[in-house]
Structure formats: structure tokens, C-alpha cells
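Presented below is the structure to which this report refers.
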Amino acid sequence: MQHYDVAIIGGGPAGLTAAMTLSRSLRRVAVLESPADPRNAGSHGVHGILGLDGVSPAEYRSRAWSDLARYGMAELHETEAVDLVPDPGGGGFEVVTEGGGPLWARRVLLATGMIDVIPELEGFRECWGATIIHCPFCSGWENRERAWGVVTADPEFARKAPGAYAAWSDDVIVFTDGDVPAGDLGVETVTGRIRGLRHDGGDLHAVELDDGAVVERGTLLWQLDQCPVPLVSRLAKDRGLALREDCYVKTDGSCRTSVPGLYAAGDTITETQGAIESAASGSTAAFQIIEDETA
């Protein structure tokens with residue numbers, strides 16, 4: 001069985017930034033990345049990181065591994081982690097992988113991100129990441145000066161939407177997708193359930209409702225539900241990993257989880273999700289791992 005100082009589950013900005021900090025601190029690192037497409041595979045580019053603005057997710061990962069290769073401390077394992085088995089004496093974890101041999105690490109960092117619950121709507125997947133977006137800071141610039149629709153059942157979010165996104169669009173309405181929040185939202189609101197999306201190669205131009213109405217829109221900001229990846233759900237059930245009420249991994253503010261020796265960073269721990277935020281969280285986690293080892 002291969003032994004490492006730290007196993008990082010997830011190879012996005014949080015995991016790769018942690019791998020860099022740990023590599024430069026002479027820690028031997030295993031990064032386990034699922035061979036399936038990453039969550040941001042449909043994104044047109046990674047934004048907000050100076051010097052890398054606009055690179056594709058694949059290019060971002062390629063550059064990151066090129067940087068990591070200079071140090072020779074991090075290894076990529078293209079496999080799914082399915083369980084963590086703590087040593088009885090508290091000295092580390094056996095990382096169980098799908099279809100491969102296990103490995104052992106003194107510390108483990110969860111940087112798995114979350115799973116977006118994608119609606120089964122005609123046209124959604126084609127538009128997702130281009131003209132259906134989850135974050136204005138990530139994709140608002142590319143969708144500026146278009147007619148926006150905000151899909152949410154949260155009344156407070158709905159009330160704030162037109163003002164919050166006015167910099168990108170002066171034409172913002174709210175779709176509740178069939179859920180009707182109590183009270184007057186004070187904004188133009190479409191309460192019918194969405195049944196389909198009209199687009200041209202992922203370029204959205206209209207929203208179809210169950211009652212047959214068609215509402216012209218060029219961009220949708222859609223608050224998707226999210227759920228933990230299977231590994232996190234299993235750790236919560238079998239290993240005592242504490243989750244918040246909204247299903248994100250609960251940490252102490254320094255990326256420590258409720259399980260000794262197990263840390264979490266990036267989209268796994270917060271609904272504030274972006275590449276630069278995840279990278280910063282990964283760096284914080286790596287610093288904490290090193291500090292805890294030497295305390």
C-alpha cells in the first residue's frame with residue numbers, strides 16, 4: 001500500500017492549490033480525481049484568477065499539474081475515492097478507491113465540491129455554463145446587456161435580484177418555476193412552471209412555460225439545488241462527519257472537520273462558490289494541516 005502525508009480528494013482549484021502549498025512544504029501528496037467530467041466541464045472559462053483569466057477548466061488543470069510537476073511531491077490518481085477508514089489508533093486513514101488498490105495517508109483533505117441537481121428540461125444542459133449561469137461574478141460579463149431571468153423560490157433573493165444584477169442587465173425578471181413565495185415580491189415575477197428552453201446551440205432566447213406562454217430571455221441565473229458527493233454522504237453516515245443543515249461539510253473556520261485528521265475546503269464547505277474562493281480555501285486548509293502536524 002502506498003503511503004502519503006496527505007491525500008486530497010478532488011482536483012479542482014481547492015485541491016490543486018492545497019497540493020501546491022503542501023508540495024512546497026515537502027509533503028508527499030496524492031490527489032484523487034474522478035475520471036468523470038468535472039462539475040465545471042461546461043464552463044466557457046475560469047475567471048477571477050489573475051494571470052489565468054478565461055482559461056478553460058481543462059487548461060487550468062493542465063497548467064496546475066505542470067507547476068506541481070516541478071516539485072515532484074504530488075501524484076495524480078485518476079480514480080474515485082469511495083471510503084475513508086480511520087486507523088484505530090488515530091494515526092491516519094486508509095483511502096479506499098473504486099476499482100483500484102487502497103492507499104494510506106496521515107491526513108485527508110476533502111475538496112470534492114458538490115453535485116448540482118440538474119433539472120431534466122429540454123435545452124437546459126445545452127445552455128448550462130453559457131447562457132444559464134449560477135454565478136454573475138463567474139459569467140456575468142459574458143452575459144452583460146442581455147435580458148436576464150432569475151430562477152428562484154427564495155422571496156428575499158427575488159426582491160434583491162433586479163438591483164443586485166443591474167450592472168450586468170437593466171432587464172431582470174424573476175421566475176419562480178411554479179413555486180409561489182408568500183407576499184408581494186415587488187418585482188416582475190413569472191410564477192408558471194418552466195417546461196422547456198428555446199436556444200440556438202446553447203444561446204438561450206426564450207423560456208417556455210407549462211401553460212404554453214413563451215417569455216423571451218437571453219440569460220437565466222438559476223439557483224440549483226446541490227447535494228454532497230457519495231463519499232461525503234457515506235462519511236456523514238458511517239464516520240461521524242458533521243454536515244450543516246444545508247448539506248455542506250461543517251468546519252471550524254480553519255478547514256478542520258468533526259473527524260480528527262480530516263479537513264475540507266472549497267465548494268464542499270460553502271455556497272459561496274468560485275475558483276478564486278476555492279483556491280484560497282485550499283491554501284488555508286494546507287496551512288492548517290501543516291500547523292497541526294507541527295503543533
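Residue numbering restarts at 1 for every chain of the C-alpha cells, chains are lettered A, B, ... in their displayed order, and ligands are numbered from 1 as they appear.
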**OP:** Write out as a PyMOL selection string the residues lying within 12 Å of His199 in chain A, counting only C-alpha atoms and excluding same-chain residues fewer than 5 positions away.
**Re:** chain A and resi 122-128+130-132+204-208+216-220
Non-local contacts of range 83-92 of chain A (12 Å; only C-alpha atoms; under 3 positions in same chain excluded) as an mmCIF file with N, CA, C and O atoms, in the first residue's frame:
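And here's result_5.cif as it stands now:
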data_model
loop_
_atom_site.group_PDB
_atom_site.id
_atom_site.type_symbol
_atom_site.label_atom_id
_atom_site.label_comp_id
_atom_site.auth_asym_id
_atom_site.auth_seq_id
_atom_site.Cartn_x
_atom_site.Cartn_y
_atom_site.Cartn_z
ATOM 1 N N HIS A 3 2.000 5.023 0.758
ATOM 2 C CA HIS A 3 1.821 5.903 1.905
ATOM 3 C C HIS A 3 2.103 7.352 1.508
ATOM 4 O O HIS A 3 3.064 7.627 0.769
ATOM 5 N N TYR A 4 1.277 8.262 2.019
ATOM 6 C CA TYR A 4 1.412 9.685 1.725
ATOM 7 C C TYR A 4 1.226 10.494 3.007
ATOM 8 O O TYR A 4 0.605 10.030 3.972
ATOM 9 N N ASP A 5 1.744 11.691 2.966
ATOM 10 C CA ASP A 5 1.485 12.610 4.073
ATOM 11 C C ASP A 5 0.040 13.087 4.042
ATOM 12 O O ASP A 5 -0.626 13.158 5.080
ATOM 13 N N VAL A 6 -0.441 13.422 2.839
ATOM 14 C CA VAL A 6 -1.797 13.941 2.697
ATOM 15 C C VAL A 6 -2.427 13.359 1.435
ATOM 16 O O VAL A 6 -1.789 13.312 0.378
ATOM 17 N N ALA A 7 -3.666 12.913 1.559
ATOM 18 C CA ALA A 7 -4.471 12.542 0.387
ATOM 19 C C ALA A 7 -5.506 13.644 0.182
ATOM 20 O O ALA A 7 -6.205 14.031 1.129
ATOM 21 N N ILE A 8 -5.586 14.161 -1.033
ATOM 22 C CA ILE A 8 -6.548 15.203 -1.383
ATOM 23 C C ILE A 8 -7.583 14.582 -2.302
ATOM 24 O O ILE A 8 -7.252 14.050 -3.361
ATOM 25 N N ILE A 9 -8.840 14.635 -1.878
ATOM 26 C CA ILE A 9 -9.920 14.052 -2.680
ATOM 27 C C ILE A 9 -10.553 15.184 -3.475
ATOM 28 O O ILE A 9 -11.317 15.985 -2.956
ATOM 29 N N GLU A 80 -11.928 7.170 -8.242
ATOM 30 C CA GLU A 80 -12.921 7.687 -7.310
ATOM 31 C C GLU A 80 -12.625 7.149 -5.914
ATOM 32 O O GLU A 80 -12.443 5.942 -5.726
ATOM 33 N N VAL A 95 -7.445 5.054 2.416
ATOM 34 C CA VAL A 95 -8.340 5.623 1.408
ATOM 35 C C VAL A 95 -8.717 4.502 0.445
ATOM 36 O O VAL A 95 -7.861 3.978 -0.279
ATOM 37 N N VAL A 96 -9.981 4.140 0.455
ATOM 38 C CA VAL A 96 -10.478 3.053 -0.396
ATOM 39 C C VAL A 96 -10.926 3.660 -1.720
ATOM 40 O O VAL A 96 -11.688 4.632 -1.740
ATOM 41 N N THR A 97 -10.453 3.101 -2.813
ATOM 42 C CA THR A 97 -10.765 3.653 -4.129
ATOM 43 C C THR A 97 -11.603 2.671 -4.944
ATOM 44 O O THR A 97 -11.661 1.475 -4.645
ATOM 45 N N GLU A 98 -12.227 3.187 -5.964
ATOM 46 C CA GLU A 98 -13.085 2.380 -6.830
ATOM 47 C C GLU A 98 -12.230 1.665 -7.874
ATOM 48 O O GLU A 98 -11.584 2.294 -8.698
ATOM 49 N N PRO A 102 -6.046 0.310 -2.314
ATOM 50 C CA PRO A 102 -6.146 1.417 -1.375
ATOM 51 C C PRO A 102 -4.794 2.110 -1.201
ATOM 52 O O PRO A 102 -3.747 1.587 -1.599
ATOM 53 N N LEU A 103 -4.836 3.295 -0.608
ATOM 54 C CA LEU A 103 -3.619 3.988 -0.222
ATOM 55 C C LEU A 103 -3.816 4.516 1.188
ATOM 56 O O LEU A 103 -4.934 4.562 1.708
ATOM 57 N N TRP A 104 -2.724 4.921 1.816
ATOM 58 C CA TRP A 104 -2.777 5.380 3.198
ATOM 59 C C TRP A 104 -2.232 6.803 3.282
ATOM 60 O O TRP A 104 -1.278 7.153 2.581
ATOM 61 N N ALA A 105 -2.866 7.620 4.131
ATOM 62 C CA ALA A 105 -2.403 8.994 4.320
ATOM 63 C C ALA A 105 -2.591 9.400 5.777
ATOM 64 O O ALA A 105 -3.569 9.003 6.424
ATOM 65 N N ARG A 106 -1.652 10.207 6.269
ATOM 66 C CA ARG A 106 -1.768 10.696 7.652
ATOM 67 C C ARG A 106 -2.900 11.695 7.799
ATOM 68 O O ARG A 106 -3.537 11.789 8.844
ATOM 69 N N ARG A 107 -3.134 12.500 6.768
ATOM 70 C CA ARG A 107 -4.212 13.483 6.778
ATOM 71 C C ARG A 107 -4.957 13.381 5.440
ATOM 72 O O ARG A 107 -4.375 13.004 4.421
ATOM 73 N N VAL A 108 -6.230 13.750 5.461
ATOM 74 C CA VAL A 108 -7.030 13.744 4.240
ATOM 75 C C VAL A 108 -7.750 15.086 4.129
ATOM 76 O O VAL A 108 -8.284 15.611 5.117
ATOM 77 N N LEU A 109 -7.763 15.629 2.910
ATOM 78 C CA LEU A 109 -8.485 16.862 2.611
ATOM 79 C C LEU A 109 -9.607 16.559 1.622
ATOM 80 O O LEU A 109 -9.352 16.059 0.522
ATOM 81 N N LEU A 110 -10.839 16.858 2.030
ATOM 82 C CA LEU A 110 -11.981 16.728 1.126
ATOM 83 C C LEU A 110 -12.113 18.008 0.319
ATOM 84 O O LEU A 110 -12.381 19.075 0.873
ATOM 85 N N VAL A 229 -21.342 14.803 -2.627
ATOM 86 C CA VAL A 229 -20.926 13.647 -3.419
ATOM 87 C C VAL A 229 -21.111 12.390 -2.563
ATOM 88 O O VAL A 229 -21.191 12.465 -1.324
ATOM 89 N N PRO A 230 -21.191 11.206 -3.183
ATOM 90 C CA PRO A 230 -21.438 9.975 -2.411
ATOM 91 C C PRO A 230 -20.447 9.737 -1.279
ATOM 92 O O PRO A 230 -20.830 9.257 -0.205
ATOM 93 N N LEU A 231 -19.167 10.059 -1.491
ATOM 94 C CA LEU A 231 -18.181 9.843 -0.434
ATOM 95 C C LEU A 231 -18.530 10.649 0.810
ATOM 96 O O LEU A 231 -18.477 10.138 1.942
ATOM 97 N N VAL A 232 -18.891 11.912 0.637
ATOM 98 C CA VAL A 232 -19.219 12.761 1.783
ATOM 99 C C VAL A 232 -20.466 12.243 2.495
ATOM 100 O O VAL A 232 -20.522 12.188 3.729
ATOM 101 N N SER A 233 -21.462 11.829 1.723
ATOM 102 C CA SER A 233 -22.670 11.258 2.335
ATOM 103 C C SER A 233 -22.330 10.007 3.139
ATOM 104 O O SER A 233 -22.862 9.792 4.241
ATOM 105 N N ARG A 234 -21.450 9.189 2.607
ATOM 106 C CA ARG A 234 -21.074 7.962 3.314
ATOM 107 C C ARG A 234 -20.313 8.280 4.599
ATOM 108 O O ARG A 234 -20.541 7.657 5.644
ATOM 109 N N LEU A 235 -19.416 9.262 4.543
ATOM 110 C CA LEU A 235 -18.655 9.640 5.738
ATOM 111 C C LEU A 235 -19.570 10.225 6.807
ATOM 112 O O LEU A 235 -19.352 10.020 8.006
ATOM 113 N N ALA A 236 -20.585 10.960 6.375
ATOM 114 C CA ALA A 236 -21.551 11.502 7.332
ATOM 115 C C ALA A 236 -22.339 10.383 8.003
ATOM 116 O O ALA A 236 -22.618 10.432 9.212
ATOM 117 N N LYS A 237 -22.663 9.359 7.238
ATOM 118 C CA LYS A 237 -23.465 8.249 7.763
ATOM 119 C C LYS A 237 -22.648 7.295 8.617
ATOM 120 O O LYS A 237 -23.094 6.858 9.685
ATOM 121 N N ASP A 238 -21.423 6.984 8.158
ATOM 122 C CA ASP A 238 -20.655 5.906 8.786
ATOM 123 C C ASP A 238 -19.488 6.367 9.650
ATOM 124 O O ASP A 238 -19.015 5.603 10.496
ATOM 125 N N ARG A 239 -18.981 7.584 9.442
ATOM 126 C CA ARG A 239 -17.758 8.013 10.132
ATOM 127 C C ARG A 239 -17.942 9.223 11.033
ATOM 128 O O ARG A 239 -16.976 9.743 11.572
ATOM 129 N N GLY A 240 -19.174 9.688 11.163
ATOM 130 C CA GLY A 240 -19.431 10.800 12.065
ATOM 131 C C GLY A 240 -19.065 12.166 11.525
ATOM 132 O O GLY A 240 -18.914 13.119 12.302
ATOM 133 N N LEU A 241 -18.934 12.293 10.208
ATOM 134 C CA LEU A 241 -18.627 13.595 9.621
ATOM 135 C C LEU A 241 -19.851 14.509 9.753
ATOM 136 O O LEU A 241 -20.928 14.186 9.257
ATOM 137 N N VAL A 259 -14.118 15.135 12.185
ATOM 138 C CA VAL A 259 -13.330 13.903 12.246
ATOM 139 C C VAL A 259 -11.855 14.278 12.362
ATOM 140 O O VAL A 259 -11.311 14.940 11.474
ATOM 141 N N PRO A 260 -11.173 13.895 13.435
ATOM 142 C CA PRO A 260 -9.755 14.245 13.581
ATOM 143 C C PRO A 260 -8.923 13.790 12.387
ATOM 144 O O PRO A 260 -9.047 12.653 11.930
ATOM 145 N N GLY A 261 -8.097 14.706 11.884
ATOM 146 C CA GLY A 261 -7.240 14.382 10.750
ATOM 147 C C GLY A 261 -7.880 14.564 9.398
ATOM 148 O O GLY A 261 -7.219 14.415 8.364
ATOM 149 N N LEU A 262 -9.180 14.895 9.387
ATOM 150 C CA LEU A 262 -9.916 15.083 8.134
ATOM 151 C C LEU A 262 -10.283 16.548 7.984
ATOM 152 O O LEU A 262 -10.881 17.148 8.883
ATOM 153 N N GLU A 293 0.247 19.407 12.165
ATOM 154 C CA GLU A 293 1.268 18.365 12.216
ATOM 155 C C GLU A 293 2.436 18.761 13.111
ATOM 156 O O GLU A 293 3.080 17.912 13.725
#
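Using only C-alpha atoms, the smallest distance between any of A:Ala265, A:Ile118, A:Cys247, A:Ala213 and Gly12 in chain A comes from A:Ala265.
Closest approach to Leu26 in chain A among A:Ala166, A:Val172, A:Ala158, A:Ala74 is made by A:Ala74 (distances from only C-alpha atoms).
CA of Ala275 in chain A lies 24.4 Å from CA of Glu291 in chain A.
Taking only range 133-269 of chain A, the residues that DSSP calls helix (DSSP H, G or I) from the backbone come to Pro136, Phe137, Cys138, Ser139, Trp141, Glu142, Asn143, Pro155, Glu156, Phe157, Ala158, Arg159, Lys160, Ala161, Pro162, Gly163, Ala164, Pro230, Leu231, Val232, Ser233, Arg234, Leu235, Ala236, Lys237, Asp238, Gly266, Asp267 and Thr268 of chain A.
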Subject >> Within 12 Å of Lys160 in chain A using only C-alpha atoms, minus same-chain residues under 2 positions, as a list of chain:residue names >> reply: A:Val150, A:Thr152, A:Asp154, A:Pro155, A:Glu156, A:Phe157, A:Ala158, A:Pro162, A:Gly163, A:Ala164, A:Tyr165, A:Ala166, A:Val172, A:Ile173, A:Val174, A:Leu185, A:Gly186, A:Val187, A:Glu188
Residue selection dump (all heavy atoms) as a short mmCIF file (atom, residue, chain, number, x, y, z; two decimals), in the first residue's frame:
data_model
loop_
_atom_site.label_atom_id
_atom_site.label_comp_id
_atom_site.auth_asym_id
_atom_site.auth_seq_id
_atom_site.Cartn_x
_atom_site.Cartn_y
_atom_site.Cartn_z
N VAL A 150 -34.11 35.42 -13.40
CA VAL A 150 -33.56 34.81 -12.20
C VAL A 150 -34.54 33.75 -11.72
O VAL A 150 -35.70 34.06 -11.44
CB VAL A 150 -33.31 35.86 -11.10
CG1 VAL A 150 -32.81 35.19 -9.82
CG2 VAL A 150 -32.32 36.91 -11.58
N THR A 152 -35.71 31.39 -8.95
CA THR A 152 -35.57 31.17 -7.52
C THR A 152 -36.94 31.14 -6.86
O THR A 152 -37.87 31.79 -7.32
CB THR A 152 -34.71 32.29 -6.87
OG1 THR A 152 -34.59 32.04 -5.46
CG2 THR A 152 -35.33 33.66 -7.09
N ASP A 154 -36.83 31.73 -3.49
CA ASP A 154 -36.46 32.46 -2.28
C ASP A 154 -36.95 33.91 -2.41
O ASP A 154 -36.44 34.67 -3.23
CB ASP A 154 -34.94 32.43 -2.12
CG ASP A 154 -34.45 33.16 -0.88
OD1 ASP A 154 -35.22 33.94 -0.30
OD2 ASP A 154 -33.28 32.95 -0.49
N PRO A 155 -37.94 34.33 -1.61
CA PRO A 155 -38.50 35.67 -1.78
C PRO A 155 -37.50 36.79 -1.55
O PRO A 155 -37.51 37.80 -2.27
CB PRO A 155 -39.64 35.72 -0.76
CG PRO A 155 -39.39 34.60 0.19
CD PRO A 155 -38.64 33.56 -0.57
N GLU A 156 -36.61 36.64 -0.58
CA GLU A 156 -35.61 37.69 -0.33
C GLU A 156 -34.66 37.83 -1.51
O GLU A 156 -34.31 38.93 -1.94
CB GLU A 156 -34.82 37.40 0.95
CG GLU A 156 -35.48 37.87 2.23
CD GLU A 156 -35.89 39.34 2.17
OE1 GLU A 156 -35.05 40.20 1.88
OE2 GLU A 156 -37.08 39.61 2.38
N PHE A 157 -34.22 36.69 -2.03
CA PHE A 157 -33.33 36.69 -3.19
C PHE A 157 -34.03 37.33 -4.39
O PHE A 157 -33.45 38.12 -5.13
CB PHE A 157 -32.92 35.25 -3.52
CG PHE A 157 -31.82 35.13 -4.54
CD1 PHE A 157 -30.50 35.21 -4.18
CD2 PHE A 157 -32.13 34.95 -5.89
CE1 PHE A 157 -29.48 35.10 -5.12
CE2 PHE A 157 -31.12 34.84 -6.84
CZ PHE A 157 -29.79 34.92 -6.45
N ALA A 158 -35.33 37.01 -4.55
CA ALA A 158 -36.09 37.55 -5.67
C ALA A 158 -36.20 39.07 -5.57
O ALA A 158 -36.06 39.79 -6.57
CB ALA A 158 -37.48 36.93 -5.69
N PRO A 162 -33.23 42.34 -9.12
CA PRO A 162 -33.07 43.40 -10.12
C PRO A 162 -31.97 44.40 -9.78
O PRO A 162 -31.18 44.79 -10.64
CB PRO A 162 -34.45 44.07 -10.14
CG PRO A 162 -35.39 43.00 -9.70
CD PRO A 162 -34.63 42.24 -8.65
N GLY A 163 -31.90 44.79 -8.52
CA GLY A 163 -30.85 45.73 -8.12
C GLY A 163 -29.48 45.08 -8.08
O GLY A 163 -28.48 45.69 -8.48
N ALA A 164 -29.43 43.83 -7.61
CA ALA A 164 -28.15 43.14 -7.47
C ALA A 164 -27.46 42.91 -8.81
O ALA A 164 -26.23 42.92 -8.90
CB ALA A 164 -28.35 41.81 -6.75
N TYR A 165 -28.27 42.72 -9.87
CA TYR A 165 -27.69 42.38 -11.17
C TYR A 165 -27.82 43.50 -12.19
O TYR A 165 -27.60 43.29 -13.39
CB TYR A 165 -28.34 41.08 -11.68
CG TYR A 165 -28.24 39.97 -10.66
CD1 TYR A 165 -29.37 39.28 -10.24
CD2 TYR A 165 -27.01 39.66 -10.08
CE1 TYR A 165 -29.27 38.29 -9.28
CE2 TYR A 165 -26.91 38.67 -9.12
CZ TYR A 165 -28.04 37.99 -8.72
OH TYR A 165 -27.94 37.02 -7.76
N ALA A 166 -28.14 44.69 -11.72
CA ALA A 166 -28.34 45.83 -12.63
C ALA A 166 -27.09 46.19 -13.40
O ALA A 166 -27.17 46.72 -14.51
CB ALA A 166 -28.84 47.04 -11.84
N VAL A 172 -34.31 42.65 -15.80
CA VAL A 172 -34.24 41.46 -14.96
C VAL A 172 -35.63 41.15 -14.42
O VAL A 172 -36.28 42.00 -13.81
CB VAL A 172 -33.27 41.64 -13.78
CG1 VAL A 172 -33.23 40.37 -12.92
CG2 VAL A 172 -31.87 42.00 -14.27
N ILE A 173 -36.11 39.91 -14.65
CA ILE A 173 -37.36 39.46 -14.06
C ILE A 173 -37.10 38.17 -13.30
O ILE A 173 -36.03 37.56 -13.44
CB ILE A 173 -38.47 39.25 -15.12
CG1 ILE A 173 -38.09 38.14 -16.10
CG2 ILE A 173 -38.77 40.55 -15.85
CD1 ILE A 173 -39.22 37.78 -17.07
N VAL A 174 -38.07 37.74 -12.50
CA VAL A 174 -37.91 36.56 -11.66
C VAL A 174 -38.87 35.46 -12.13
O VAL A 174 -40.06 35.73 -12.37
CB VAL A 174 -38.18 36.90 -10.19
CG1 VAL A 174 -38.23 35.63 -9.34
CG2 VAL A 174 -37.10 37.85 -9.66
N LEU A 185 -43.58 40.39 -4.05
CA LEU A 185 -42.12 40.44 -4.19
C LEU A 185 -41.63 41.82 -4.63
O LEU A 185 -40.44 42.14 -4.49
CB LEU A 185 -41.64 39.39 -5.19
CG LEU A 185 -41.91 37.93 -4.82
CD1 LEU A 185 -41.34 37.01 -5.87
CD2 LEU A 185 -41.32 37.62 -3.46
N GLY A 186 -42.53 42.64 -5.18
CA GLY A 186 -42.12 43.97 -5.60
C GLY A 186 -41.29 43.98 -6.87
O GLY A 186 -40.69 44.99 -7.21
N VAL A 187 -41.24 42.85 -7.59
CA VAL A 187 -40.50 42.77 -8.85
C VAL A 187 -41.38 42.03 -9.86
O VAL A 187 -42.31 41.31 -9.47
CB VAL A 187 -39.15 42.03 -8.70
CG1 VAL A 187 -38.25 42.76 -7.71
CG2 VAL A 187 -39.36 40.59 -8.26
N GLU A 188 -41.10 42.20 -11.13
CA GLU A 188 -41.85 41.45 -12.14
C GLU A 188 -41.56 39.97 -11.97
O GLU A 188 -40.40 39.53 -11.99
CB GLU A 188 -41.45 41.91 -13.55
CG GLU A 188 -42.28 41.23 -14.63
CD GLU A 188 -41.94 41.71 -16.03
OE1 GLU A 188 -41.21 42.72 -16.17
OE2 GLU A 188 -42.40 41.05 -16.99
#
